[in-house]
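Trainee: There's a structure below that I have some questions on.
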Amino acid sequence: MTSLNNAPVLVVGAGIMGVGIAQVAAQAGHPVFLFDMREGAAAQAKSKLTATLDGLVAKGKITAEAAAATLARIEPIPSLDAAAGAALVVEAIVENLDAKRSLFRQLESVVGEAAILASNTSSISVTAIANGLLHPERFVGMHFFNPVPQMKLVEVVSGLQTDAAVAQAIEALSVAWGKVPVHARSTPGFIVNRIARPYYAETLALLQEQAATPQRLDACLKAAGFRMGPCELMDLIGHDTNFAVTNSVFEANFGDKRYVPSLVQRELVDGGLLGRKSGRGFYTYPEGAPALPAAVHEAPMVTGPVTVHGDGEIADRLEQLVIQGRLSGDAAPSRQRQSAWVGLDIGGARLVLTDGRTAGDIAAREGIADVAVFDRPLLWPAAPGGTLAYAVAPQASAAWRRQAPAWLAALGFVPVPLADAPGLVVARTIAMLINEATDAVQQGVCTPEGADAAMKLGVNYPAGPFEWLARWSVAGVTQVLEALDVHYRGERYRISPWLRRQRA
Ligand code: NAD
């Protein structure tokens with residue numbers, strides 16, 4: 001196979017992604033041919049890129065020489081024949097199987113036999129695009145993320161017929177382009193678009209059951225370290241696009257209920273409430289999400305002995321917070337490490353770290369009315385603001401309804417009430433992200449390290465699913481999933497065989 005070192009690259013499709021790919025390739029020193037089926041589109045894209053690079057020069061981010069050299073390497077071409085010398089083709093045309101197939105069939109008669117053919121498809125099977133090619137073994141997925149110059153991740157996707165050496169060559173090239181390649185097997189959604197589904201789906205499910213407002217759910221997930229809450233993120237992506245990806249993953253999995261799309265989102269799409277681009281989605285733009293109103297809580301009352309239950313990082317931290325805040329009065333809190341739950345017993349009332357069961361379930365099972373559950377805090381110390389969801393059992397007294405948030409506030413959190421939904425929002429979302437990631441690994445889509453890198457670099461997650469799992473525990477995650485499964489029944493919360501095996 002020819003070395004791709006500074007070899008000529010043909011980028012087909014001069015839209016958002018194509019231009020970004022052309023820029024990155026040219027910056028890495030490759031001569032780049034840029035072709036678009038729309039006449040003048042490639043030249044126009046180059047002019048736009050010129051303006052972008054000028055802006056970077058003005059801000060001192062790149063030198064004028066580097067900008068000029070990059071631009072000089074990009075040649076808009078009027079027909080594909082002009083790119084006969086390309087050693088690599090990266091296709092970024094419309095997301096349509098027939099269009100991509102026919103383009104690659106045509107390209108096989110344009111470029112040399114040793115050239116690698118790559119597609120930037122975000123959702124179409126790489127195996128399917130290669131069907132009908134004379135040399136399907138040289139065809140591979142090279143999935144960049146938007147905006148291409150900034151996003152480090154490249155999913156290198158092998159179809160059934162892709163030669164391993166071709167995938168390796170694209171991985172090496174991605175590194176040379178300053179990217180981090182992660183290898184994926186061609187399966188619906190590849191890595192990122194598959195593992196990320198629950199980030200949206202769990203919030204949409206909570207919205208559907210009226211558990212909380214978009215604002216509250218966004219605030220809780222942002223406090224857990226996500227850069228954007230799911231609602232603002234869906235508004236940014238566009239509900240039409242997000243819904244289409246969800247649908248395509250659902251359909252590609254033969255209607256597996258795990259990936260079932262949301263009625264809440266379909267309603268937004270049908271109503272033309274597409275998010276930022278239409279001026280309205282979950283929020284109204286340009287204003288965006290309004291800040292959560294500050295709540296005033298009464299002082300926490302010590303109605304009896306305070307006991308910290310459970311072992312591990314969260315219980316330890318709770319104990320410290322109780323001591324620091326002198327919340328158990330003059331006496332230090334007692335500690336019950338051998339406990340079936342994590343949290344605080346405050347004179348018989350319970351503030352319980354969610355294990356997936358609702359506060360109402362726990363109250364009924366334990367025969368204690370004054371129970372509240374709180375969400376899993378992922379960051380210690382809690383992020384500024386420390387927003388944390390909680391829910392109070394329906395059978396709780398009026399006094400405990402006021403005291404549960406008062407205690408959380410005294411511990412340093414900003415308590416946000418949710419309806420008594422199982423797993424609240426962060427625990428449930430993270431458990432489902434972990435479940436999906438372990439399933440992907442189980443099916444050979446990627447490695448655990450690949451999944452972590454992909455989620456951190458492709459969608460800016462604060463940690464990878466396997467990193468969360470290492471910090472939480474297989475038993476804890478499966479307990480939450482099991483509780484969700486018991487509560488909702490159906491396929492959605494079935495536990496990945498990978499997790500089950502680890503638990504055994
Ligand atoms: P876009 O609409 O901005 O650009 C597509 C360009 O391809 C257009 O300029 C169009 O004229 C041209 N085109 C269409 N059919 C063509 C053909 N047969 N031959 C030559 N040119 C043709 O689209 P985009 O957002 O840049 O997406 C391109 C591809 O990248 C799609 O497969 C998409 O799924 C994938 N992708 C998009 C994103 C994203 O966030 N936009 C992220 C990752 C991957």
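The way I read the labels, and the way they are meant: chains A, B, ... in the order of the structure tokens, residue 1 as the first residue of every chain, and ligand 1 as the first ligand shown, with later ones counted on from there.
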Apply DSSP to the backbone of this structure and, from stretch 343-432 of chain A, keep only the residues in strand (DSSP E); write these as a ChimeraX atom specification.
Mentor: /A:343-346,349-353,371-374,387-392,414-417
Trainee: With 8 Å as the cut-off and only C-alpha atoms and all ligand atoms counted, what is the closest atom pair between each nearby residue of chain A and ligand 1? Distances in Å to one decimal, ordered by chain and number, as JSON lines.
Mentor:
{"residue": "A:Val12", "atom": "CA", "partner": "ligand 1", "partner_atom_place_in_ligand_line": "20 (C)", "distance": 5.5}
{"residue": "A:Gly13", "atom": "CA", "partner": "ligand 1", "partner_atom_place_in_ligand_line": "7 (O)", "distance": 3.6}
{"residue": "A:Ala14", "atom": "CA", "partner": "ligand 1", "partner_atom_place_in_ligand_line": "9 (O)", "distance": 4.6}
{"residue": "A:Gly15", "atom": "CA", "partner": "ligand 1", "partner_atom_place_in_ligand_line": "4 (O)", "distance": 3.2}
{"residue": "A:Ile16", "atom": "CA", "partner": "ligand 1", "partner_atom_place_in_ligand_line": "26 (O)", "distance": 3.9}
{"residue": "A:Met17", "atom": "CA", "partner": "ligand 1", "partner_atom_place_in_ligand_line": "26 (O)", "distance": 3.7}
{"residue": "A:Gly18", "atom": "CA", "partner": "ligand 1", "partner_atom_place_in_ligand_line": "26 (O)", "distance": 5.5}
{"residue": "A:Val19", "atom": "CA", "partner": "ligand 1", "partner_atom_place_in_ligand_line": "26 (O)", "distance": 7.7}
{"residue": "A:Phe35", "atom": "CA", "partner": "ligand 1", "partner_atom_place_in_ligand_line": "20 (C)", "distance": 6.4}
{"residue": "A:Asp36", "atom": "CA", "partner": "ligand 1", "partner_atom_place_in_ligand_line": "21 (N)", "distance": 3.9}
{"residue": "A:Met37", "atom": "CA", "partner": "ligand 1", "partner_atom_place_in_ligand_line": "20 (C)", "distance": 3.9}
{"residue": "A:Arg38", "atom": "CA", "partner": "ligand 1", "partner_atom_place_in_ligand_line": "11 (O)", "distance": 4.9}
{"residue": "A:Ala41", "atom": "CA", "partner": "ligand 1", "partner_atom_place_in_ligand_line": "9 (O)", "distance": 6.3}
{"residue": "A:Ala42", "atom": "CA", "partner": "ligand 1", "partner_atom_place_in_ligand_line": "9 (O)", "distance": 7.8}
{"residue": "A:Glu91", "atom": "CA", "partner": "ligand 1", "partner_atom_place_in_ligand_line": "29 (C)", "distance": 7.3}
{"residue": "A:Ala92", "atom": "CA", "partner": "ligand 1", "partner_atom_place_in_ligand_line": "29 (C)", "distance": 4.0}
{"residue": "A:Ile93", "atom": "CA", "partner": "ligand 1", "partner_atom_place_in_ligand_line": "7 (O)", "distance": 3.5}
{"residue": "A:Val94", "atom": "CA", "partner": "ligand 1", "partner_atom_place_in_ligand_line": "14 (C)", "distance": 4.5}
{"residue": "A:Glu95", "atom": "CA", "partner": "ligand 1", "partner_atom_place_in_ligand_line": "32 (O)", "distance": 3.9}
{"residue": "A:Asn96", "atom": "CA", "partner": "ligand 1", "partner_atom_place_in_ligand_line": "32 (O)", "distance": 7.2}
{"residue": "A:Ala99", "atom": "CA", "partner": "ligand 1", "partner_atom_place_in_ligand_line": "18 (N)", "distance": 5.5}
{"residue": "A:Lys100", "atom": "CA", "partner": "ligand 1", "partner_atom_place_in_ligand_line": "18 (N)", "distance": 6.8}
{"residue": "A:Ser102", "atom": "CA", "partner": "ligand 1", "partner_atom_place_in_ligand_line": "18 (N)", "distance": 7.8}
{"residue": "A:Leu103", "atom": "CA", "partner": "ligand 1", "partner_atom_place_in_ligand_line": "18 (N)", "distance": 5.9}
{"residue": "A:Ser119", "atom": "CA", "partner": "ligand 1", "partner_atom_place_in_ligand_line": "32 (O)", "distance": 7.4}
{"residue": "A:Asn120", "atom": "CA", "partner": "ligand 1", "partner_atom_place_in_ligand_line": "30 (O)", "distance": 5.1}
{"residue": "A:Thr121", "atom": "CA", "partner": "ligand 1", "partner_atom_place_in_ligand_line": "32 (O)", "distance": 3.9}
{"residue": "A:Ser122", "atom": "CA", "partner": "ligand 1", "partner_atom_place_in_ligand_line": "34 (O)", "distance": 4.5}
{"residue": "A:Ser123", "atom": "CA", "partner": "ligand 1", "partner_atom_place_in_ligand_line": "34 (O)", "distance": 6.5}
{"residue": "A:His143", "atom": "CA", "partner": "ligand 1", "partner_atom_place_in_ligand_line": "44 (C)", "distance": 6.0}
{"residue": "A:Phe144", "atom": "CA", "partner": "ligand 1", "partner_atom_place_in_ligand_line": "43 (C)", "distance": 5.4}
{"residue": "A:Phe145", "atom": "CA", "partner": "ligand 1", "partner_atom_place_in_ligand_line": "43 (C)", "distance": 4.8}
{"residue": "A:Asn146", "atom": "CA", "partner": "ligand 1", "partner_atom_place_in_ligand_line": "40 (O)", "distance": 4.7}
{"residue": "A:Pro147", "atom": "CA", "partner": "ligand 1", "partner_atom_place_in_ligand_line": "40 (O)", "distance": 7.2}
Trainee: Do you know which residues are at most 10 Å from stretch 207-224 of chain A counting only C-alpha atoms, after dropping those on the same chain fewer than 3 positions away, and could you put them as a count of residues only?
Mentor: 52
Trainee: Between A:Asn247, A:Leu133, A:Ser278, A:Ile170, which residue has the minimum interatomic distance to A:Arg266, considering only C-alpha atoms?
Mentor: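 Closest residue, counting only C-alpha atoms: A:Asn247.
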Trainee: Name all residues at most 6 Å from A:Val182 (count only C-alpha atoms; drop same-chain ones fewer than 4 positions away) and give them as a PDB file with N, CA and C atoms, in the first residue's frame.
Mentor:
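And here's around_37.pdb as it stands now:
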ATOM      1  N   GLU A 155     -13.462   8.314  14.192  1.00  0.00           N
ATOM      2  CA  GLU A 155     -13.827   6.894  14.269  1.00  0.00           C
ATOM      3  C   GLU A 155     -13.389   6.249  12.956  1.00  0.00           C
ATOM      4  N   VAL A 156     -12.527   5.272  13.050  1.00  0.00           N
ATOM      5  CA  VAL A 156     -12.076   4.558  11.855  1.00  0.00           C
ATOM      6  C   VAL A 156     -12.900   3.277  11.804  1.00  0.00           C
ATOM      7  N   GLY A 450     -11.247   2.526  23.821  1.00  0.00           N
ATOM      8  CA  GLY A 450     -11.770   3.212  22.635  1.00  0.00           C
ATOM      9  C   GLY A 450     -13.071   3.920  22.963  1.00  0.00           C
TER      10      GLY A 450
END
Trainee: Check the smallest atom-to-atom distance from each of A:Val302, A:Ile62, A:Leu10, A:Val308 to A:His30 using only C-alpha atoms, then report the winner.
Mentor: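 Result for the nearest residue to A:His30: A:Leu10.
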Trainee: With a distance cut-off of 10 Å and only C-alpha atoms, select the neighbouring residues of A:Gly272, excluding the residue or stretch itself and same-chain residues fewer than 5 positions from it, and output the selection as a list in words.
Mentor: His239, Asp240, Arg266, Glu267, Ser278, Gly279, Arg280 and Gly281 of chain A
Trainee: Those selected residues, please, written with N, CA and C atoms and delivered as a CSV table (one decimal), in the first residue's frame.
Mentor:
chain,number,residue,atom,x,y,z
A,239,HIS,N,-33.7,19.3,16.7
A,239,HIS,CA,-34.4,18.1,17.0
A,239,HIS,C,-34.7,17.2,15.8
A,240,ASP,N,-34.7,17.8,14.6
A,240,ASP,CA,-34.9,17.0,13.4
A,240,ASP,C,-33.7,16.0,13.2
A,266,ARG,N,-40.6,13.7,18.9
A,266,ARG,CA,-41.4,13.8,17.7
A,266,ARG,C,-42.4,14.9,17.6
A,267,GLU,N,-43.0,15.2,18.8
A,267,GLU,CA,-43.9,16.3,18.9
A,267,GLU,C,-43.2,17.7,18.5
A,278,SER,N,-34.6,27.1,14.7
A,278,SER,CA,-36.0,27.6,14.3
A,278,SER,C,-36.4,28.7,15.4
A,279,GLY,N,-35.5,28.9,16.3
A,279,GLY,CA,-35.9,29.9,17.4
A,279,GLY,C,-36.5,29.4,18.6
A,280,ARG,N,-37.0,28.1,18.5
A,280,ARG,CA,-37.6,27.5,19.6
A,280,ARG,C,-37.5,26.0,19.6
A,281,GLY,N,-37.2,25.4,20.8
A,281,GLY,CA,-37.2,24.0,21.0
A,281,GLY,C,-37.7,23.8,22.4
Trainee: Show which residues sit within 9 Å of A:Gly178, as a ChimeraX atom specification. Count only C-alpha atoms, and ignore same-chain residues fewer than 2 positions away.
Mentor: /A:24,28,152,173-176,180
Trainee: For stretch 474-479 of chain A, work out the shell of residues within 10 Å, counting only C-alpha atoms and skipping chain neighbours fewer than 4 positions away, then give it as a ChimeraX atom specification.
Mentor: /A:354-357,423,427-428,430-432,434-435,468-470,483-485,493-496,499-504
Trainee: Limited to N, CA and C atoms, could you put the picked residues into a file as a PDB file, in the first residue's frame?
Mentor:
ATOM      1  N   THR A 354     -29.480   7.384  45.726  1.00  0.00           N
ATOM      2  CA  THR A 354     -30.332   6.519  44.897  1.00  0.00           C
ATOM      3  C   THR A 354     -29.634   5.203  44.537  1.00  0.00           C
ATOM      4  N   ASP A 355     -30.380   4.118  44.677  1.00  0.00           N
ATOM      5  CA  ASP A 355     -29.889   2.821  44.180  1.00  0.00           C
ATOM      6  C   ASP A 355     -30.802   2.370  43.042  1.00  0.00           C
ATOM      7  N   GLY A 356     -31.569   3.317  42.530  1.00  0.00           N
ATOM      8  CA  GLY A 356     -32.452   3.019  41.409  1.00  0.00           C
ATOM      9  C   GLY A 356     -33.905   2.891  41.835  1.00  0.00           C
ATOM     10  N   ARG A 357     -34.123   2.608  43.126  1.00  0.00           N
ATOM     11  CA  ARG A 357     -35.520   2.493  43.567  1.00  0.00           C
ATOM     12  C   ARG A 357     -36.074   3.880  43.868  1.00  0.00           C
ATOM     13  N   GLY A 423     -33.991   6.132  39.916  1.00  0.00           N
ATOM     14  CA  GLY A 423     -32.651   6.483  39.431  1.00  0.00           C
ATOM     15  C   GLY A 423     -32.459   7.964  39.202  1.00  0.00           C
ATOM     16  N   ALA A 427     -27.786   9.408  38.016  1.00  0.00           N
ATOM     17  CA  ALA A 427     -27.493   7.980  38.218  1.00  0.00           C
ATOM     18  C   ALA A 427     -28.069   7.172  37.067  1.00  0.00           C
ATOM     19  N   ARG A 428     -29.265   7.509  36.681  1.00  0.00           N
ATOM     20  CA  ARG A 428     -29.940   6.739  35.647  1.00  0.00           C
ATOM     21  C   ARG A 428     -29.268   6.930  34.287  1.00  0.00           C
ATOM     22  N   ILE A 430     -26.096   7.960  33.693  1.00  0.00           N
ATOM     23  CA  ILE A 430     -24.742   7.394  33.662  1.00  0.00           C
ATOM     24  C   ILE A 430     -24.817   5.859  33.607  1.00  0.00           C
ATOM     25  N   ALA A 431     -25.746   5.282  34.370  1.00  0.00           N
ATOM     26  CA  ALA A 431     -25.871   3.814  34.345  1.00  0.00           C
ATOM     27  C   ALA A 431     -26.205   3.339  32.934  1.00  0.00           C
ATOM     28  N   MET A 432     -27.087   4.061  32.266  1.00  0.00           N
ATOM     29  CA  MET A 432     -27.468   3.649  30.908  1.00  0.00           C
ATOM     30  C   MET A 432     -26.341   3.897  29.898  1.00  0.00           C
ATOM     31  N   ILE A 434     -23.186   3.656  30.627  1.00  0.00           N
ATOM     32  CA  ILE A 434     -22.259   2.550  30.902  1.00  0.00           C
ATOM     33  C   ILE A 434     -22.807   1.260  30.280  1.00  0.00           C
ATOM     34  N   ASN A 435     -24.100   1.034  30.451  1.00  0.00           N
ATOM     35  CA  ASN A 435     -24.715  -0.182  29.915  1.00  0.00           C
ATOM     36  C   ASN A 435     -24.526  -0.275  28.400  1.00  0.00           C
ATOM     37  N   TRP A 468     -16.249   5.963  34.534  1.00  0.00           N
ATOM     38  CA  TRP A 468     -17.346   6.076  35.505  1.00  0.00           C
ATOM     39  C   TRP A 468     -17.561   4.745  36.222  1.00  0.00           C
ATOM     40  N   LEU A 469     -17.528   3.676  35.413  1.00  0.00           N
ATOM     41  CA  LEU A 469     -17.772   2.351  35.988  1.00  0.00           C
ATOM     42  C   LEU A 469     -16.709   2.023  37.042  1.00  0.00           C
ATOM     43  N   ALA A 470     -15.451   2.363  36.734  1.00  0.00           N
ATOM     44  CA  ALA A 470     -14.366   2.058  37.675  1.00  0.00           C
ATOM     45  C   ALA A 470     -14.571   2.823  38.983  1.00  0.00           C
ATOM     46  N   ALA A 483     -33.285  -1.945  39.016  1.00  0.00           N
ATOM     47  CA  ALA A 483     -34.427  -1.226  39.592  1.00  0.00           C
ATOM     48  C   ALA A 483     -35.234  -0.534  38.480  1.00  0.00           C
ATOM     49  N   LEU A 484     -34.530   0.015  37.493  1.00  0.00           N
ATOM     50  CA  LEU A 484     -35.225   0.654  36.365  1.00  0.00           C
ATOM     51  C   LEU A 484     -36.027  -0.392  35.593  1.00  0.00           C
ATOM     52  N   ASP A 485     -35.408  -1.552  35.404  1.00  0.00           N
ATOM     53  CA  ASP A 485     -36.058  -2.627  34.672  1.00  0.00           C
ATOM     54  C   ASP A 485     -37.321  -3.088  35.397  1.00  0.00           C
ATOM     55  N   TYR A 493     -34.277  -1.362  29.679  1.00  0.00           N
ATOM     56  CA  TYR A 493     -33.255  -1.357  30.733  1.00  0.00           C
ATOM     57  C   TYR A 493     -32.609  -2.725  30.934  1.00  0.00           C
ATOM     58  N   ARG A 494     -32.654  -3.550  29.908  1.00  0.00           N
ATOM     59  CA  ARG A 494     -32.026  -4.874  30.087  1.00  0.00           C
ATOM     60  C   ARG A 494     -30.508  -4.680  30.230  1.00  0.00           C
ATOM     61  N   ILE A 495     -29.960  -5.484  31.091  1.00  0.00           N
ATOM     62  CA  ILE A 495     -28.553  -5.304  31.445  1.00  0.00           C
ATOM     63  C   ILE A 495     -27.656  -6.006  30.438  1.00  0.00           C
ATOM     64  N   SER A 496     -26.593  -5.303  30.044  1.00  0.00           N
ATOM     65  CA  SER A 496     -25.650  -5.864  29.086  1.00  0.00           C
ATOM     66  C   SER A 496     -25.026  -7.151  29.640  1.00  0.00           C
ATOM     67  N   LEU A 499     -21.857  -6.623  31.598  1.00  0.00           N
ATOM     68  CA  LEU A 499     -21.993  -6.222  33.008  1.00  0.00           C
ATOM     69  C   LEU A 499     -22.387  -7.414  33.869  1.00  0.00           C
ATOM     70  N   ARG A 500     -23.290  -8.225  33.355  1.00  0.00           N
ATOM     71  CA  ARG A 500     -23.728  -9.396  34.117  1.00  0.00           C
ATOM     72  C   ARG A 500     -22.549 -10.314  34.408  1.00  0.00           C
ATOM     73  N   ARG A 501     -21.703 -10.496  33.380  1.00  0.00           N
ATOM     74  CA  ARG A 501     -20.557 -11.382  33.558  1.00  0.00           C
ATOM     75  C   ARG A 501     -19.585 -10.820  34.596  1.00  0.00           C
ATOM     76  N   GLN A 502     -19.378  -9.508  34.549  1.00  0.00           N
ATOM     77  CA  GLN A 502     -18.457  -8.882  35.510  1.00  0.00           C
ATOM     78  C   GLN A 502     -18.986  -9.014  36.932  1.00  0.00           C
ATOM     79  N   ARG A 503     -20.312  -9.014  37.043  1.00  0.00           N
ATOM     80  CA  ARG A 503     -20.917  -9.047  38.373  1.00  0.00           C
ATOM     81  C   ARG A 503     -20.802 -10.444  38.977  1.00  0.00           C
ATOM     82  N   ALA A 504     -20.820 -11.423  38.072  1.00  0.00           N
ATOM     83  CA  ALA A 504     -20.862 -12.823  38.551  1.00  0.00           C
ATOM     84  C   ALA A 504     -19.622 -13.172  39.369  1.00  0.00           C
TER      85      ALA A 504
END
Trainee: So how far away is atom CA of A:Glu482 from atom CA of A:Gly367, in Å?
Mentor: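 These atoms are spaced 21.8 Å apart.
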Trainee: Write down as a list in words the residues belonging to stretch 287-347 of chain A that are assigned alpha helix (DSSP H) by DSSP computed on the backbone.
Mentor: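 Residues of stretch 287-347 of chain A classed as alpha helix (DSSP H): Glu313, Ile314, Ala315, Asp316, Arg317, Leu318, Glu319, Gln320, Leu321, Val322, Ile323 and Gln324 of chain A.
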Trainee: Quick check, in Å to one decimal: how far apart do atom CA of A:Trp177 and atom CA of A:Glu467 lie?
Mentor: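 That distance, rounded to one decimal, is 26.8 Å.
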Trainee: Considering only C-alpha atoms, can you say which of A:Ala22, A:Ala167, A:Ala410, A:Ala72 comes closest to A:Val296?
Mentor: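 The shortest atom-to-atom distance to A:Val296 comes from A:Ala410.
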